[in-house]
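Peer 1: Structure file structure_0.csv (CSV, C-alpha atoms) right here:
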```csv
chain,number,residue,atom,x,y,z
A,1,MET,CA,40.2,-20.7,-6.7
A,2,THR,CA,39.2,-24.4,-6.3
A,3,ALA,CA,35.6,-25.4,-5.5
A,4,PHE,CA,36.8,-26.6,-2.0
A,5,GLY,CA,38.7,-23.3,-1.5
A,6,GLN,CA,35.6,-21.3,-2.4
A,7,THR,CA,33.4,-23.4,-0.1
A,8,LEU,CA,35.9,-23.1,2.7
A,9,ARG,CA,36.0,-19.3,2.4
A,10,ARG,CA,32.2,-19.1,2.3
A,11,LEU,CA,31.7,-21.4,5.3
A,12,ARG,CA,34.3,-19.5,7.3
A,13,GLN,CA,32.7,-16.2,6.4
A,14,LEU,CA,29.3,-17.6,7.3
A,15,ARG,CA,30.6,-18.5,10.7
A,16,GLY,CA,31.9,-15.0,11.1
A,17,MET,CA,35.4,-16.4,11.5
A,18,LYS,CA,38.6,-14.7,10.4
A,19,GLN,CA,41.3,-16.7,8.6
A,20,SER,CA,43.6,-16.2,11.6
A,21,HIS,CA,41.0,-17.6,14.0
A,22,LEU,CA,40.5,-20.7,11.8
A,23,ALA,CA,44.3,-21.1,11.5
A,24,GLY,CA,44.7,-21.0,15.3
A,25,LEU,CA,42.0,-23.6,15.8
A,26,LEU,CA,43.8,-25.9,13.3
A,27,GLY,CA,47.3,-25.2,14.4
A,28,VAL,CA,48.4,-23.6,11.1
A,29,THR,CA,49.3,-20.1,9.9
A,30,GLN,CA,46.8,-17.6,8.5
A,31,SER,CA,48.7,-17.7,5.2
A,32,THR,CA,48.1,-21.5,5.0
A,33,VAL,CA,44.4,-20.9,5.3
A,34,SER,CA,44.6,-18.2,2.7
A,35,ARG,CA,46.5,-20.6,0.3
A,36,TRP,CA,43.9,-23.3,0.9
A,37,GLU,CA,41.1,-20.8,0.0
A,38,ARG,CA,42.9,-19.7,-3.2
A,39,GLY,CA,43.6,-23.3,-4.2
A,40,ASP,CA,47.3,-22.8,-4.0
A,41,LEU,CA,47.8,-25.5,-1.3
A,42,GLU,CA,46.0,-28.8,-0.9
A,43,LEU,CA,44.8,-29.9,2.5
A,44,SER,CA,45.9,-33.3,3.9
A,45,THR,CA,43.1,-35.7,4.6
A,46,ALA,CA,43.5,-35.0,8.4
A,47,GLN,CA,43.3,-31.3,7.8
A,48,ARG,CA,40.2,-31.6,5.6
A,49,LEU,CA,38.4,-33.6,8.2
A,50,ALA,CA,39.4,-31.1,10.9
A,51,VAL,CA,38.1,-28.2,8.8
A,52,GLN,CA,34.9,-30.1,8.1
A,53,ARG,CA,34.3,-30.8,11.8
A,54,LEU,CA,34.9,-27.1,12.7
A,55,LEU,CA,32.8,-25.6,10.0
A,56,GLU,CA,30.0,-28.1,9.5
A,57,ALA,CA,28.6,-27.6,13.0
A,58,ARG,CA,25.0,-26.6,13.0
A,59,PRO,CA,24.7,-22.9,12.3
A,60,ALA,CA,22.7,-20.5,14.4
A,61,PRO,CA,19.7,-18.6,12.9
A,62,ALA,CA,21.8,-15.4,12.9
A,63,GLN,CA,24.2,-17.2,10.5
A,64,ASP,CA,21.3,-17.9,8.2
A,65,ALA,CA,20.5,-14.2,8.2
A,66,ALA,CA,24.2,-13.4,7.5
A,67,LEU,CA,24.2,-15.9,4.6
A,68,LYS,CA,21.1,-14.3,3.2
A,69,ARG,CA,22.7,-10.8,3.6
A,70,LEU,CA,25.8,-12.0,1.8
A,71,VAL,CA,23.8,-13.3,-1.1
A,72,GLU,CA,21.6,-10.3,-1.4
A,73,THR,CA,24.6,-7.9,-1.4
A,74,SER,CA,26.8,-10.0,-3.6
A,75,MET,CA,28.2,-8.6,-6.9
A,76,GLN,CA,28.2,-12.1,-8.3
A,77,LYS,CA,25.3,-13.8,-10.0
A,78,VAL,CA,24.3,-16.0,-7.1
A,79,HIS,CA,21.1,-17.3,-5.4
A,80,LEU,CA,20.3,-19.5,-2.5
A,81,VAL,CA,17.6,-22.2,-2.6
A,82,CYS,CA,16.4,-24.9,-0.2
A,83,ASP,CA,18.4,-28.0,-1.3
A,84,ARG,CA,15.3,-30.3,-1.2
A,85,THR,CA,12.4,-28.1,-2.3
A,86,HIS,CA,14.3,-25.6,-4.5
A,87,ARG,CA,12.4,-22.7,-2.9
A,88,LEU,CA,14.3,-19.5,-3.5
A,89,LEU,CA,15.6,-18.1,-0.2
A,90,ALA,CA,17.8,-15.2,-1.4
A,91,VAL,CA,19.0,-13.7,-4.6
A,92,SER,CA,21.7,-11.2,-5.6
A,93,PRO,CA,20.9,-8.1,-7.6
A,94,ALA,CA,23.1,-9.3,-10.5
A,95,ARG,CA,21.1,-12.5,-10.7
A,96,LEU,CA,17.8,-10.6,-10.6
A,97,ALA,CA,19.1,-8.4,-13.5
A,98,ASP,CA,19.5,-11.5,-15.6
A,99,TRP,CA,16.1,-12.9,-14.6
A,100,ARG,CA,14.3,-9.5,-15.2
A,101,ARG,CA,11.8,-10.2,-12.5
A,102,PRO,CA,11.3,-8.6,-9.0
A,103,ALA,CA,12.5,-10.7,-6.1
A,104,ALA,CA,9.1,-10.6,-4.5
A,105,ASP,CA,7.7,-12.6,-7.5
A,106,LEU,CA,10.2,-15.4,-7.0
A,107,LEU,CA,11.1,-15.6,-3.3
A,108,GLY,CA,9.5,-18.7,-1.6
A,109,THR,CA,8.7,-20.3,-4.9
A,110,SER,CA,10.4,-23.4,-6.3
A,111,MET,CA,13.0,-22.6,-9.0
A,112,LEU,CA,12.9,-26.2,-10.3
A,113,VAL,CA,10.1,-25.3,-12.7
A,114,TYR,CA,12.7,-23.1,-14.6
A,115,ALA,CA,15.4,-25.8,-14.7
A,116,THR,CA,16.9,-26.6,-18.1
A,117,PRO,CA,17.4,-30.3,-19.2
A,118,GLU,CA,21.0,-29.9,-18.2
A,119,ILE,CA,20.1,-28.7,-14.7
A,120,LEU,CA,17.6,-31.5,-14.3
A,121,ALA,CA,20.2,-34.1,-15.4
A,122,ALA,CA,22.6,-32.7,-12.8
A,123,GLU,CA,19.8,-32.8,-10.2
A,124,ALA,CA,19.0,-36.4,-11.0
A,125,SER,CA,22.7,-37.4,-10.5
A,126,LEU,CA,23.0,-36.0,-6.9
A,127,GLN,CA,22.0,-39.1,-5.0
A,128,ALA,CA,24.5,-41.2,-6.8
A,129,ARG,CA,27.2,-38.6,-6.3
A,130,GLY,CA,26.7,-38.7,-2.5
A,131,TRP,CA,25.3,-35.1,-2.4
A,132,TYR,CA,22.7,-35.9,0.3
A,133,ASP,CA,25.0,-38.0,2.5
A,134,ASP,CA,27.8,-35.3,2.5
A,135,ARG,CA,30.3,-37.2,0.3
A,136,GLN,CA,30.1,-34.2,-2.1
A,137,SER,CA,29.4,-30.6,-1.1
A,138,SER,CA,30.1,-28.8,-4.3
A,139,LEU,CA,29.5,-29.5,-7.9
A,140,ARG,CA,30.1,-27.7,-11.2
A,141,ILE,CA,27.3,-28.1,-13.7
A,142,ASP,CA,26.5,-27.0,-17.2
A,143,THR,CA,23.3,-24.9,-17.2
A,144,GLY,CA,22.0,-25.0,-20.7
A,145,THR,CA,19.6,-22.3,-21.7
A,146,ASN,CA,16.0,-21.3,-20.8
A,147,THR,CA,14.0,-18.3,-22.0
A,148,GLU,CA,11.1,-18.4,-19.5
A,149,LEU,CA,13.3,-17.3,-16.7
A,150,PRO,CA,16.4,-16.3,-18.6
A,151,ILE,CA,19.2,-18.8,-18.0
A,152,ARG,CA,22.2,-18.5,-20.3
A,153,PRO,CA,24.3,-21.4,-21.3
A,154,GLY,CA,27.3,-21.7,-19.1
A,155,THR,CA,28.7,-23.2,-15.9
A,156,ALA,CA,27.4,-22.9,-12.4
A,157,LEU,CA,28.7,-24.0,-9.0
A,158,TRP,CA,26.4,-25.6,-6.6
A,159,GLU,CA,27.4,-25.6,-2.9
A,160,ARG,CA,25.5,-27.4,-0.2
A,161,ILE,CA,25.4,-25.3,3.1
A,162,PRO,CA,23.7,-26.4,6.3
A,163,LEU,CA,21.0,-24.1,7.6
A,164,ALA,CA,19.9,-23.5,11.2
A,165,ASP,CA,16.7,-25.5,10.9
A,166,GLY,CA,18.6,-28.7,10.1
A,167,SER,CA,17.9,-28.5,6.4
A,168,ALA,CA,20.4,-27.6,3.7
A,169,GLY,CA,20.6,-24.7,1.3
A,170,ARG,CA,22.2,-24.7,-2.1
A,171,LEU,CA,24.2,-21.7,-3.1
A,172,VAL,CA,24.2,-21.4,-6.9
A,173,THR,CA,26.9,-19.2,-8.4
A,174,ALA,CA,27.2,-18.5,-12.2
A,175,LEU,CA,30.8,-19.1,-13.2
A,176,SER,CA,30.4,-18.3,-16.9
```
Take the structure in this file and express it as structure tokens.
Peer 2:
Amino acid sequence: MTAFGQTLRRLRQLRGMKQSHLAGLLGVTQSTVSRWERGDLELSTAQRLAVQRLLEARPAPAQDAALKRLVETSMQKVHLVCDRTHRLLAVSPARLADWRRPAADLLGTSMLVYATPEILAAEASLQARGWYDDRQSSLRIDTGTNTELPIRPGTALWERIPLADGSAGRLVTALS
């Protein structure tokens, strides 16, 4: 699955939209949407812009709650932070198992204090990459290692997701 495909699927699910509904809005088949999400088919520039217009509309507070629920019930090692402050908003049980701390100890606190040099370098590159002006909405990074809040060396996917209050969240998924 490509980073765009994964982002497309998550945004569609966040909106509570079935593939067939998105397909109907875009004038394509459900199987086309499925192939986009799997990364088996590339979107044209016009299709990509149409998808972005449909899915980047400001979410409702109920969608934030749905996103939080998806994160908190995910089988993947995933967490959601505020994109600007890095406050932890939601975390999956698999991620908590790695961190070996109760969620209550971490929710609402900035996770940036636990960042490895590799994560800090990726963070420092976001402005130049167009992260904050929506030229890039997902990024694969190397994590490095940290023992204070256990972070294993590997790769993570950062995905920028709009929240109901106008801010953005960052969905962080361990890929390896």
Peer 1: What does the structure give for the distance between CA of Leu11 in chain A and CA of Ser34 in chain A, in Å to one decimal?
Peer 2: 13.5 Å
Peer 1: Give as a list in words every residue, naming chains and numbers as the document does, that has an atom within 8 Å of (16.6, -22.7, -2.5), counting all atoms listed in the file.
Peer 2: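 Residues found, by chain and rising number: His79, Leu80, Val81, Cys82, Asp83, Arg84, Thr85, His86, Arg87, Leu88, Leu89, Ala90, Ser110, Met111, Gly169, Arg170 and Leu171 of chain A.
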Peer 1: Just checking: using all atoms listed in the file, which residue out of A:Ile151, A:Val33, A:Val113, A:Val51 ends up closest to Leu96 in chain A?
Peer 2: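 Of A:Ile151, A:Val33, A:Val113, A:Val51, the one nearest Leu96 in chain A, counting all atoms listed in the file, is A:Ile151.
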Peer 1: With all atoms listed in the file as the atoms that count, which of A:Trp99, A:Leu106, A:Gly5, A:Gln52 lies nearest to Thr32 in chain A?
Peer 2: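 When distances to Thr32 in chain A are compared using all atoms listed in the file, the smallest one comes from A:Gly5.
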Peer 1: Which residues are close to Ile119 in chain A, i.e. within 8 Å by all atoms listed in the file, leaving aside same-chain residues fewer than 5 positions away? Reply as a list of chain:residue names.
Peer 2: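 Skipping anything fewer than 5 positions along the chain leaves A:Ile141, A:Asp142, A:Thr143, A:Gly144.
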